[in-house]
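File shown: target-v2.cif (mmCIF, C-alpha atoms).
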```
data_protein
loop_
_atom_site.label_atom_id
_atom_site.label_comp_id
_atom_site.auth_asym_id
_atom_site.auth_seq_id
_atom_site.Cartn_x
_atom_site.Cartn_y
_atom_site.Cartn_z
CA SER A 1 0.00 0.00 0.00
CA GLN A 2 1.16 3.54 -0.75
CA PRO A 3 1.40 6.39 1.76
CA THR A 4 -1.45 8.89 1.80
CA THR A 5 0.75 11.84 2.81
CA GLY A 6 4.25 13.03 2.06
CA VAL A 7 5.93 12.08 -1.21
CA LEU A 8 3.62 11.80 -4.21
CA TYR A 9 3.36 8.65 -6.38
CA LYS A 10 1.70 8.52 -9.80
CA GLU A 11 0.49 5.38 -11.59
CA ASP A 12 2.38 6.22 -14.78
CA ASN A 13 5.73 6.82 -13.04
CA TYR A 14 7.01 3.21 -12.71
CA ILE A 15 9.53 0.65 -13.88
CA ILE A 16 9.14 -3.15 -14.25
CA MET A 17 11.62 -5.18 -12.18
CA THR A 18 12.37 -8.86 -12.86
CA THR A 19 14.08 -11.10 -10.26
CA VAL A 20 16.56 -13.90 -11.06
CA ASP A 21 13.63 -16.33 -10.67
CA LYS A 22 11.74 -14.46 -13.45
CA GLU A 23 9.21 -12.98 -10.98
CA LYS A 24 7.89 -9.63 -12.24
CA TYR A 25 7.00 -6.52 -10.22
CA LYS A 26 5.72 -3.07 -11.08
CA CYS A 27 7.63 -0.55 -8.95
CA LEU A 28 6.23 2.96 -8.45
CA LEU A 29 8.86 5.66 -8.15
CA PRO A 30 8.42 8.72 -5.91
CA LEU A 31 8.10 12.17 -7.46
CA ILE A 32 11.04 13.89 -5.85
CA ALA A 33 10.21 17.48 -6.84
CA SER A 34 8.51 18.96 -3.78
CA GLY A 35 7.11 22.44 -3.20
CA ASN A 36 9.34 23.13 -0.18
CA GLU A 37 11.59 25.58 -1.98
CA GLU A 38 8.62 27.58 -3.30
CA GLU A 39 6.97 27.64 0.13
CA GLU A 40 10.19 28.92 1.76
CA LYS A 41 10.58 31.63 -0.90
CA ASP A 42 6.99 32.85 -0.56
CA TYR A 43 6.91 32.78 3.27
CA LYS A 44 5.70 36.13 4.69
CA GLY A 45 4.85 35.00 8.25
CA PRO A 46 6.50 35.82 11.62
CA THR A 47 10.29 35.69 11.91
CA PRO A 48 11.87 32.93 14.07
CA GLY A 49 12.55 35.49 16.83
CA GLU A 50 8.87 36.52 16.80
CA LEU A 51 7.75 32.87 16.87
CA LEU A 52 9.87 32.26 19.98
CA GLU A 53 8.73 35.48 21.70
CA PRO A 54 5.95 33.79 23.80
CA LEU A 55 8.60 31.51 25.34
CA PHE A 56 10.68 34.50 26.46
CA LYS A 57 7.72 36.60 27.62
CA GLN A 58 6.30 33.79 29.79
CA SER A 59 9.58 33.61 31.76
CA SER A 60 9.47 29.82 31.41
CA CYS A 61 12.38 27.55 32.34
CA SER A 62 13.43 24.09 31.08
CA TYR A 63 15.36 21.56 33.17
CA ARG A 64 17.59 18.58 32.51
CA ILE A 65 18.63 16.32 35.39
CA GLU A 66 21.87 14.38 35.05
CA SER A 67 23.79 12.08 37.40
CA TYR A 68 25.37 15.00 39.22
CA TRP A 69 24.37 18.32 37.66
CA THR A 70 20.97 19.82 37.00
CA TYR A 71 20.73 22.29 34.11
CA GLU A 72 18.25 25.15 34.19
CA VAL A 73 17.54 27.15 31.02
CA CYS A 74 15.30 30.15 31.76
CA HIS A 75 14.54 31.28 28.21
CA GLY A 76 15.76 34.78 27.45
CA LYS A 77 17.28 35.10 30.94
CA HIS A 78 20.04 32.65 31.93
CA ILE A 79 21.48 29.14 31.93
CA ARG A 80 22.45 27.71 35.31
CA GLN A 81 24.28 24.49 36.21
CA TYR A 82 23.87 23.47 39.86
CA HIS A 83 24.12 20.63 42.36
CA GLU A 84 22.40 20.42 45.75
CA GLU A 85 24.21 18.60 48.54
CA LYS A 86 21.81 17.60 51.32
CA GLU A 87 23.58 16.59 54.51
CA THR A 88 21.85 15.32 57.65
CA GLY A 89 21.21 18.07 60.16
CA GLN A 90 22.73 20.72 57.93
CA LYS A 91 21.32 23.24 55.52
CA ILE A 92 21.29 22.46 51.79
CA ASN A 93 24.61 23.34 50.19
CA ILE A 94 24.23 24.50 46.55
CA GLN A 95 27.11 24.60 44.12
CA GLU A 96 26.23 26.55 40.97
CA TYR A 97 27.67 28.14 37.84
CA TYR A 98 25.92 30.47 35.42
CA LEU A 99 26.80 29.32 31.91
CA GLY A 100 25.43 32.55 30.43
CA ASN A 101 23.12 35.50 31.02
CA MET A 102 20.97 37.33 28.50
CA ILE A 103 23.13 39.93 26.81
CA MET A 104 22.56 39.88 23.08
CA LYS A 105 25.66 39.41 20.95
CA ASN A 106 23.70 39.39 17.68
CA PRO A 107 25.53 41.07 14.78
CA LEU A 108 22.93 43.72 13.91
CA SER A 109 21.28 44.40 17.27
CA GLU A 110 21.64 47.78 18.95
CA PRO A 111 24.14 47.99 21.86
CA GLY A 112 22.42 46.96 25.10
CA SER A 113 19.31 45.83 23.21
CA GLN A 114 17.26 43.12 24.91
CA GLU A 115 15.13 42.50 21.81
CA LEU A 116 15.24 38.90 20.65
CA CYS A 117 13.81 39.52 17.21
CA CYS A 118 14.31 41.58 14.18
CA GLY A 119 18.02 42.57 14.09
CA TYR A 120 19.29 39.01 14.10
CA ASP A 121 16.31 37.76 12.09
CA LEU A 122 17.21 40.24 9.34
CA PHE A 123 20.81 39.01 9.48
CA LEU A 124 19.63 35.39 9.18
CA SER A 125 17.28 36.20 6.30
CA LEU A 126 20.25 37.58 4.33
CA THR A 127 22.56 34.65 5.13
CA GLN A 128 22.47 30.88 5.22
CA ILE A 129 20.53 29.50 8.21
CA PRO A 130 23.00 27.56 10.41
CA THR A 131 22.56 23.80 10.79
CA LYS A 132 23.77 21.24 13.32
CA ASN A 133 24.13 17.48 13.02
CA ILE A 134 21.42 16.15 15.32
CA GLU A 135 21.41 12.34 15.44
CA GLY A 136 22.84 12.04 11.94
CA GLN A 137 20.72 14.72 10.28
CA MET A 138 21.70 18.30 9.44
CA THR A 139 19.03 20.30 11.29
CA PRO A 140 18.44 24.07 10.98
CA TYR A 141 18.53 25.96 14.28
CA TYR A 142 17.92 29.47 15.62
CA PRO A 143 20.83 30.59 17.84
CA VAL A 144 20.53 32.83 20.89
CA GLU A 145 23.80 33.94 22.49
CA LEU A 146 24.17 34.29 26.25
CA GLY A 147 27.31 35.77 27.82
CA ASN A 148 28.48 37.22 31.12
CA GLY A 149 28.31 33.91 33.01
CA THR A 150 30.33 32.86 36.08
CA PRO A 151 34.06 33.70 35.61
CA CYS A 152 36.12 30.75 34.35
CA SER A 153 39.43 30.21 36.19
CA LEU A 154 40.79 28.10 33.31
CA ARG A 155 40.47 31.11 30.98
CA GLN A 156 41.92 33.99 33.02
CA ASN A 157 38.53 34.54 34.71
CA LEU A 158 36.76 35.33 31.43
CA PRO A 159 32.98 34.93 31.84
CA ARG A 160 31.37 31.66 30.71
CA SER A 161 29.16 31.94 27.62
CA SER A 162 26.65 29.75 25.78
CA THR A 163 24.82 29.41 22.49
CA VAL A 164 21.25 28.17 22.86
CA MET A 165 20.16 26.42 19.66
CA TYR A 166 16.40 26.27 19.22
CA ILE A 167 15.28 23.57 16.77
CA CYS A 168 11.81 22.65 15.57
CA HIS A 169 10.15 19.52 16.92
CA PRO A 170 6.35 19.34 16.53
CA GLU A 171 5.74 17.21 19.65
CA ALA A 172 8.32 18.83 21.96
CA LYS A 173 7.64 20.86 25.11
CA HIS A 174 10.73 23.13 24.98
CA GLU A 175 12.91 20.42 26.56
CA ILE A 176 16.71 20.46 26.69
CA LEU A 177 18.04 17.84 24.25
CA SER A 178 21.72 18.25 25.15
CA VAL A 179 24.32 20.39 26.90
CA ALA A 180 27.92 20.26 25.67
CA GLU A 181 31.11 22.15 26.54
CA VAL A 182 32.52 22.82 23.06
CA THR A 183 35.66 24.59 24.29
CA THR A 184 36.71 25.47 27.84
CA CYS A 185 33.79 27.31 29.50
CA GLU A 186 31.89 27.80 26.23
CA TYR A 187 28.73 25.75 25.88
CA GLU A 188 26.11 24.65 23.38
CA VAL A 189 22.57 23.93 24.57
CA VAL A 190 20.05 22.38 22.17
CA ILE A 191 16.34 23.06 22.88
CA LEU A 192 13.48 21.28 21.11
CA THR A 193 10.47 23.53 20.54
CA PRO A 194 7.27 23.32 18.46
CA LEU A 195 7.17 27.15 18.08
CA LEU A 196 9.73 27.24 15.24
CA CYS A 197 7.82 24.63 13.20
CA ASN A 198 5.52 27.35 11.79
CA HIS A 199 8.48 28.67 9.79
CA PRO A 200 9.15 26.56 6.64
CA LYS A 201 12.92 27.07 6.83
CA TYR A 202 13.11 25.54 10.32
CA ARG A 203 10.74 22.61 9.82
CA PHE A 204 11.89 19.13 10.63
CA ARG A 205 12.93 17.64 7.30
CA ALA A 206 12.20 14.01 6.64
CA SER A 207 15.09 11.90 5.40
CA PRO A 208 15.73 12.48 1.67
CA VAL A 209 15.54 8.70 1.16
CA ASN A 210 12.08 7.88 -0.27
CA ASP A 211 10.48 4.44 -0.50
CA ILE A 212 9.86 2.64 -3.78
CA PHE A 213 6.60 0.64 -3.72
CA CYS A 214 6.49 -2.61 -5.70
CA GLN A 215 3.33 -4.55 -6.65
CA SER A 216 3.43 -8.13 -7.94
CA LEU A 217 2.23 -8.70 -11.50
CA PRO A 218 -0.06 -11.65 -12.44
CA GLY A 219 1.74 -15.01 -12.09
CA SER A 220 4.28 -13.70 -9.53
CA PRO A 221 4.14 -14.20 -5.74
CA LEU A 222 3.33 -11.28 -3.41
CA LYS A 223 7.00 -11.27 -2.30
CA PRO A 224 9.96 -12.65 -4.28
CA HIS A 225 11.00 -16.12 -3.08
CA ASN A 226 14.58 -15.01 -2.23
CA LEU A 227 13.29 -12.04 -0.19
CA GLU A 228 11.10 -14.34 1.93
CA GLN A 229 14.08 -16.63 2.56
CA LEU A 230 16.23 -13.65 3.59
CA GLU A 231 13.55 -12.35 6.00
CA LYS A 232 13.28 -15.82 7.62
CA GLN A 233 17.06 -15.90 8.15
CA GLN A 234 16.97 -12.44 9.74
CA GLU A 235 14.18 -13.52 12.10
CA MET A 236 16.27 -16.50 13.19
CA LEU A 237 19.18 -14.19 14.00
CA LYS A 238 16.92 -12.07 16.23
CA MET A 239 15.95 -15.09 18.40
CA PRO A 240 17.04 -14.45 22.02
CA PHE A 241 19.98 -16.53 23.17
CA ARG A 242 19.45 -18.68 26.25
CA ARG A 243 21.15 -17.49 29.42
CA VAL A 244 24.45 -19.25 30.06
CA LYS A 245 24.74 -20.59 33.59
CA GLU A 246 27.56 -19.08 35.60
CA GLU A 247 29.40 -22.43 35.92
CA GLU A 248 29.27 -22.87 32.12
CA MET A 249 30.99 -19.54 31.48
CA PRO A 250 34.66 -19.72 30.47
CA SER A 251 37.09 -18.57 33.15
CA THR A 252 37.89 -14.88 32.95
CA LYS A 253 41.07 -15.23 35.02
CA GLU A 254 43.24 -15.07 31.90
CA GLU A 255 41.14 -12.37 30.19
CA LYS A 256 43.25 -9.30 29.44
CA PHE A 257 41.64 -6.06 30.54
CA SER A 258 41.24 -3.41 27.89
CA SER A 259 43.65 -0.50 27.96
CA ILE A 260 41.10 1.65 26.16
CA HIS A 261 38.39 3.19 28.32
CA LYS A 262 35.98 4.98 26.04
CA PRO A 263 33.93 7.60 27.91
CA VAL A 264 30.26 7.43 27.01
CA ALA A 265 27.45 9.74 27.94
CA VAL A 266 25.14 9.01 30.84
CA GLY A 267 21.75 8.34 29.24
CA SER A 268 21.87 9.06 25.54
CA HIS A 269 23.30 12.57 25.51
CA GLN A 270 26.63 14.14 26.20
CA LEU A 271 27.17 15.97 29.47
CA LEU A 272 29.48 18.67 30.68
CA THR A 273 31.64 17.04 33.29
CA VAL A 274 30.05 13.69 34.02
CA GLY A 275 30.83 10.56 32.06
CA THR A 276 30.23 6.88 32.53
CA THR A 277 32.85 4.40 31.40
CA HIS A 278 31.90 0.76 31.18
CA ILE A 279 34.96 -0.85 32.65
CA SER A 280 36.26 -4.20 31.52
CA LYS A 281 34.32 -7.20 32.83
CA LEU A 282 37.15 -8.85 34.70
CA THR A 283 36.37 -11.02 37.68
CA ASP A 284 35.63 -8.68 40.60
CA GLU A 285 38.57 -10.05 42.58
CA GLN A 286 41.06 -9.41 39.75
CA LEU A 287 39.58 -5.99 38.96
CA ILE A 288 39.82 -4.88 42.61
CA LYS A 289 43.46 -6.02 42.81
CA GLU A 290 44.35 -4.19 39.58
CA PHE A 291 42.51 -1.03 40.72
CA LEU A 292 44.08 -0.93 44.20
CA SER A 293 47.57 -1.51 42.74
CA GLY A 294 47.05 1.54 40.48
CA SER A 295 47.51 -0.44 37.25
CA TYR A 296 43.80 -0.29 36.31
CA CYS A 297 42.81 3.37 35.96
CA PHE A 298 39.34 4.89 35.77
CA HIS A 299 38.63 7.36 32.96
CA GLY A 300 35.68 9.72 32.65
CA GLY A 301 34.35 13.07 31.46
CA VAL A 302 32.80 13.75 28.08
CA GLY A 303 33.28 17.50 27.70
CA TRP A 304 36.41 19.39 26.68
CA TRP A 305 38.39 17.87 29.57
CA LYS A 306 38.67 14.14 30.31
CA TYR A 307 39.98 12.73 33.60
CA GLU A 308 42.25 9.81 34.47
CA PHE A 309 42.35 8.52 38.03
CA CYS A 310 44.91 5.88 39.03
CA TYR A 311 44.40 4.90 42.68
CA GLY A 312 47.45 5.59 44.82
CA LYS A 313 49.27 7.25 41.89
CA TYR A 314 47.77 10.42 40.37
CA VAL A 315 44.82 12.37 38.94
CA HIS A 316 45.31 13.81 35.43
CA GLN A 317 43.10 16.15 33.42
CA TYR A 318 43.66 15.98 29.66
CA HIS A 319 42.33 17.08 26.28
CA GLU A 320 43.10 15.30 23.01
CA ASP A 321 43.16 17.22 19.76
CA LYS A 322 43.87 15.81 16.27
CA GLU A 323 46.09 18.76 15.37
CA SER A 324 47.89 19.72 18.57
CA GLY A 325 47.93 16.25 20.19
CA LYS A 326 47.35 15.65 23.91
CA THR A 327 47.32 18.45 26.50
CA SER A 328 47.71 17.05 30.00
CA VAL A 329 47.52 18.71 33.44
CA VAL A 330 48.64 16.95 36.64
CA VAL A 331 45.84 17.76 39.09
CA GLY A 332 47.40 15.84 41.98
CA THR A 333 49.89 13.08 42.85
CA TRP A 334 49.73 10.57 45.69
CA SER A 335 51.83 10.73 48.83
CA LYS A 336 50.74 8.44 51.66
CA GLU A 337 52.41 10.69 54.28
CA GLU A 338 50.70 13.84 52.95
CA HIS A 339 47.34 12.05 52.85
CA ILE A 340 47.67 10.79 56.45
CA GLU A 341 48.54 14.32 57.60
CA TRP A 342 45.50 15.65 55.67
CA SER A 343 43.20 12.95 57.10
CA ARG A 344 44.08 13.93 60.67
CA LYS A 345 42.39 17.30 60.00
CA ASN A 346 39.62 16.07 57.68
CA ALA A 347 37.10 13.21 57.71
CA ALA A 348 38.60 10.42 55.61
CA ARG A 349 35.53 8.18 56.02
CA THR A 350 31.81 8.88 55.84
CA PHE A 351 29.53 6.34 57.49
CA TYR A 352 26.04 5.24 56.55
CA LEU A 353 23.55 3.80 59.04
CA ARG A 354 21.90 0.57 57.89
CA GLU A 355 18.30 -0.30 58.73
CA ASP A 356 19.49 -2.86 61.31
CA GLY A 357 21.36 -0.11 63.16
CA THR A 358 24.90 -1.12 62.11
CA GLN A 359 27.28 1.30 60.45
CA THR A 360 28.94 0.79 57.10
CA VAL A 361 31.39 3.00 55.17
CA ARG A 362 29.60 4.87 52.38
CA MET A 363 32.46 7.04 51.10
CA VAL A 364 36.19 7.57 51.60
CA SER A 365 38.15 10.74 50.75
CA HIS A 366 41.81 10.77 49.67
CA PHE A 367 44.13 13.75 49.26
CA TYR A 368 46.34 14.08 46.17
CA GLY A 369 48.61 17.15 46.28
CA ASN A 370 51.68 18.48 44.48
CA GLY A 371 50.04 18.84 41.05
CA ASP A 372 51.16 21.24 38.30
CA VAL A 373 51.62 24.85 39.48
CA CYS A 374 48.48 26.94 38.98
CA ASP A 375 48.82 30.25 37.08
CA LEU A 376 46.15 31.91 39.25
CA THR A 377 47.56 31.02 42.67
CA ASP A 378 51.24 30.20 41.95
CA LYS A 379 50.69 27.10 44.09
CA PRO A 380 50.57 23.40 43.10
CA ARG A 381 47.14 22.05 42.16
CA GLN A 382 45.53 19.62 44.60
CA VAL A 383 42.48 17.37 44.56
CA THR A 384 40.33 15.50 47.05
CA VAL A 385 39.18 12.20 45.52
CA LYS A 386 35.85 11.01 46.91
CA LEU A 387 35.31 7.28 46.31
CA LYS A 388 31.64 6.48 46.74
CA CYS A 389 29.51 3.34 46.57
CA LYS A 390 26.88 3.64 43.87
CA GLU A 391 24.55 0.74 43.13
CA SER A 392 23.79 0.32 39.42
CA ASP A 393 22.17 -2.07 36.97
CA SER A 394 25.56 -2.18 35.27
CA PRO A 395 28.01 -3.66 37.83
CA HIS A 396 31.03 -2.49 35.82
CA ALA A 397 30.21 1.18 35.30
CA VAL A 398 31.96 4.14 36.87
CA THR A 399 30.75 7.75 36.99
CA ILE A 400 33.38 10.47 37.30
CA TYR A 401 32.86 14.21 37.83
CA MET A 402 35.24 17.06 38.56
CA LEU A 403 34.41 20.15 40.64
CA GLU A 404 36.52 23.23 41.36
CA PRO A 405 35.19 24.91 44.54
CA HIS A 406 38.33 27.12 44.72
CA SER A 407 40.88 28.06 42.06
CA CYS A 408 43.00 24.97 41.28
CA GLN A 409 41.63 23.08 44.31
CA TYR A 410 39.47 20.28 42.98
CA ILE A 411 37.09 17.54 44.05
CA LEU A 412 37.03 14.38 41.93
CA GLY A 413 33.96 12.24 42.52
CA VAL A 414 34.31 8.56 41.57
CA GLU A 415 31.18 6.42 41.98
CA SER A 416 30.85 2.74 41.05
CA PRO A 417 29.39 -0.58 42.23
CA VAL A 418 32.99 -1.89 42.26
CA ILE A 419 33.80 0.59 45.06
CA CYS A 420 30.91 -0.82 47.15
CA LYS A 421 32.88 -4.07 47.50
CA ILE A 422 35.97 -2.47 49.08
CA LEU A 423 34.74 0.44 51.24
CA ASP A 424 34.37 -1.66 54.40
CA THR A 425 38.11 -2.41 54.27
CA ALA A 426 38.90 1.31 54.87
CA ASP A 427 41.20 1.96 57.84
CA GLU A 428 41.09 5.11 60.00
CA TYR A 429 42.86 7.05 57.22
CA GLY A 430 40.40 5.82 54.57
CA LEU A 431 43.03 3.60 52.92
CA LEU A 432 41.57 0.56 51.18
CA SER A 433 42.71 -3.03 50.81
CA VAL A 434 41.63 -6.17 48.97
CA PRO A 435 38.69 -7.79 50.84
CA SER A 436 39.73 -10.97 52.64
#
```
Structure translated into C-alpha cells:
Amino acid sequence: SQPTTGVLYKEDNYIIMTTVDKEKYKCLLPLIASGNEEEEKDYKGPTPGELLEPLFKQSSCSYRIESYWTYEVCHGKHIRQYHEEKETGQKINIQEYYLGNMIMKNPLSEPGSQELCCGYDLFLSLTQIPTKNIEGQMTPYYPVELGNGTPCSLRQNLPRSSTVMYICHPEAKHEILSVAEVTTCEYEVVILTPLLCNHPKYRFRASPVNDIFCQSLPGSPLKPHNLEQLEKQQEMLKMPFRRVKEEEMPSTKEEKFSSIHKPVAVGSHQLLTVGTTHISKLTDEQLIKEFLSGSYCFHGGVGWWKYEFCYGKYVHQYHEDKESGKTSVVVGTWSKEEHIEWSRKNAARTFYLREDGTQTVRMVSHFYGNGDVCDLTDKPRQVTVKLKCKESDSPHAVTIYMLEPHSCQYILGVESPVICKILDTADEYGLLSVPS
C-alpha cells in the first residue's frame, strides 16, 4: 500500500523489475520534486525570533537532570548548572555556575538591546541559516547567544558563555536535548520547541531517502522467493539466546583487561563534566586487585576535559586534539604521608547507618597534592578524591565528575558498584585493601 501523505506517487511513473527467478514486479517511483523551496521563498509569516517570543515573555524555564548536575535554562534570561548537597542536620549546600546570562551578541542588534527579534532575524534572512548534526541529520537551528556567566578560572577569569540552539520539533515541550562544553567554559545547549515549526525554513525535514513501492504482476508471488528466505534468516538471528549458567561460562582469570576506556554519555546525551565508562568485565577479585595496585585506571568526562584517576598514583586532566595532540595537566599526585597528615584534619571516612542499626562505610576521601603549578595562585594544584559506593544495573560502570570549589583546588567524585565491595576495608585514614 502507498502512503497517503508526504511524497507523491503517480500510476504512470514506474519501472518493471524482474528477479533472477523471473518474478515480475511493477515498482512505483516517488516524485522527488517537492514544493518546499517555493513555500520557503513565498513565506511572509512571523520571523523565528517573533515565533519564539511567547517563550521569552512567559519567563518559562526548562530543566535537565543528570547524574550529578541539573541544568536550568530560563529562556531569554540565563542558563544555570547546579548541584544540591543535602547533609543530615545541615542546611542544603548548593554549588552553581551560570553558563550565560541574556546579553545579546547578535551582529545587527543595537548595543544593550534586549530585543530577541528583528536585528538578528534580518541578518539570518540575508545569510544561510546555520545547521547542526542532530542524530545524523543536518538540522536548521535558531541561535541565541548568552554571555556574562560565572568567571572561568581556566580562561583567566573570562565569563562563561553559551549558544542556545532552538530547533523545531512538533511534539516537543521546549525540553533540553543536550548540553555540551565545546571549548573550555563555552557551551552549546540544544532546545526542542514546536514554536519554530511554523516557519518553513526551520521545519523538521524528513530523510531524503524515499520508498519505492512494488506490486506483484499476475503469475508472480506477493513477495519474491529469495526475499522471503532472507527475511526468515533475519528472524532466526533475532531469536534471544538462552542465558548461560555461571558455571558454564569460560574462566575470565586469563582475560586481558582493555587499555582503552571509552567515555560514554550518561543516558543518551553528552554531558558537561560527568561521564560513565563501562569498565572491563574482569572477575571482581582481579579488577579490585588491579585497581588498588594503580595499574587499572578509571577514565571519565565527556566534555572538553577528560579525567584519568589511578588509585594511589595520580589524577590527570587531559584534552586530546587531532592537530595539537594531547594536552595534560597533573591535578594531583599521591603521597601516603601527605594524605595521612590531611586525614588527621579532615574526615577520611563517611559512614552510613543501615536499617538494622549497624554502620557501614559509604564514602572515603583521599588527598592528592603536588600537582602542576596553577597560574592563578602560583601554588601546586591539589584534589580530594571522593570514592563512593553507587549501586547500578551495570556492575562495571563508573561515573566520574570534577568540581573546582576554589581556584585549582578540585574535588574528583568517583562512583561505582565496584567501590561498594571495598569500602568496608577502609582503615582510620580511609586507605583501602583487597577484601579478605
Separation of CA of Tyr98 (chain A) from CA of His78 (chain A), in Å and rounded to one decimal: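 The value is 7.2 Å.
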Interatomic distance (Å, one decimal) between CA of Val73 (chain A) and CA of Val164 (chain A): 9.0 Å
Counting only C-alpha atoms, the option among A:Leu403, A:Val385, A:Ile340, A:Cys74 closest to Ser60 (chain A): A:Cys74
Selection result of the PyMOL selection byres ((chain A and resi 330-332) around 10) on this file, as a ChimeraX atom specification: /A:307-309,313-318,328-329,333-335,367-374,380-385,408-410,412
Output of the PyMOL selection byres ((chain A and resi 360-364) around 7), listed as a PyMOL selection string: chain A and resi 348-353+358-359+365-366+386-389+423-424+430
One-decimal distance in Å that lies between CA of Gln137 (chain A) and CA of Pro48 (chain A): 20.6 Å
Please, which residues are within 8 Å of (17.1, 32.7, 25.2) by the file's coordinates, counting all atoms listed in the file, and could they come as an mmCIF file with C-alpha atoms, keeping the file's coordinate frame?
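Produced file point02.cif, reproduced below:
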```
data_model
loop_
_atom_site.group_PDB
_atom_site.id
_atom_site.type_symbol
_atom_site.label_atom_id
_atom_site.label_comp_id
_atom_site.auth_asym_id
_atom_site.auth_seq_id
_atom_site.Cartn_x
_atom_site.Cartn_y
_atom_site.Cartn_z
ATOM 1 C CA PHE A 56 10.680 34.500 26.460
ATOM 2 C CA CYS A 74 15.300 30.150 31.760
ATOM 3 C CA HIS A 75 14.540 31.280 28.210
ATOM 4 C CA GLY A 76 15.760 34.780 27.450
ATOM 5 C CA LYS A 77 17.280 35.100 30.940
ATOM 6 C CA HIS A 78 20.040 32.650 31.930
ATOM 7 C CA MET A 102 20.970 37.330 28.500
ATOM 8 C CA LEU A 116 15.240 38.900 20.650
ATOM 9 C CA VAL A 144 20.530 32.830 20.890
ATOM 10 C CA GLU A 145 23.800 33.940 22.490
ATOM 11 C CA LEU A 146 24.170 34.290 26.250
ATOM 12 C CA VAL A 164 21.250 28.170 22.860
#
```
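The closest residue to His83 (chain A), picked from A:Arg64, A:His225, A:His169, A:Arg160 and counting all atoms listed in the file, is A:Arg64.
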Contacts of Ile167 (chain A) within 8 Å, all atoms listed in the file, excl. fewer than 5 positions in-chain, as a VMD selection string: chain A and resid 139 to 142 190 to 193 196 202
Nearest residue to Lys306 (chain A) from the set A:Leu217, A:Met402, A:Leu177, A:Pro130 (distances using all atoms listed in the file):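 The closest residue to Lys306 (chain A) is A:Met402.
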Ground truth for the PyMOL selection byres ((chain A and resi 213) around 6), written as a ChimeraX atom specification: /A:27-28,212,214
A:Ser216, A:Gln81, A:Ser178, A:Thr131 ranked by distance to Ile16 (chain A), top pick (using all atoms listed in the file): A:Ser216
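Considering the residues A:Cys61, A:Ile129, A:Ile288, A:Ala172 and counting all atoms listed in the file, Arg80 (chain A) has its shortest atom-to-atom contact with A:Cys61.
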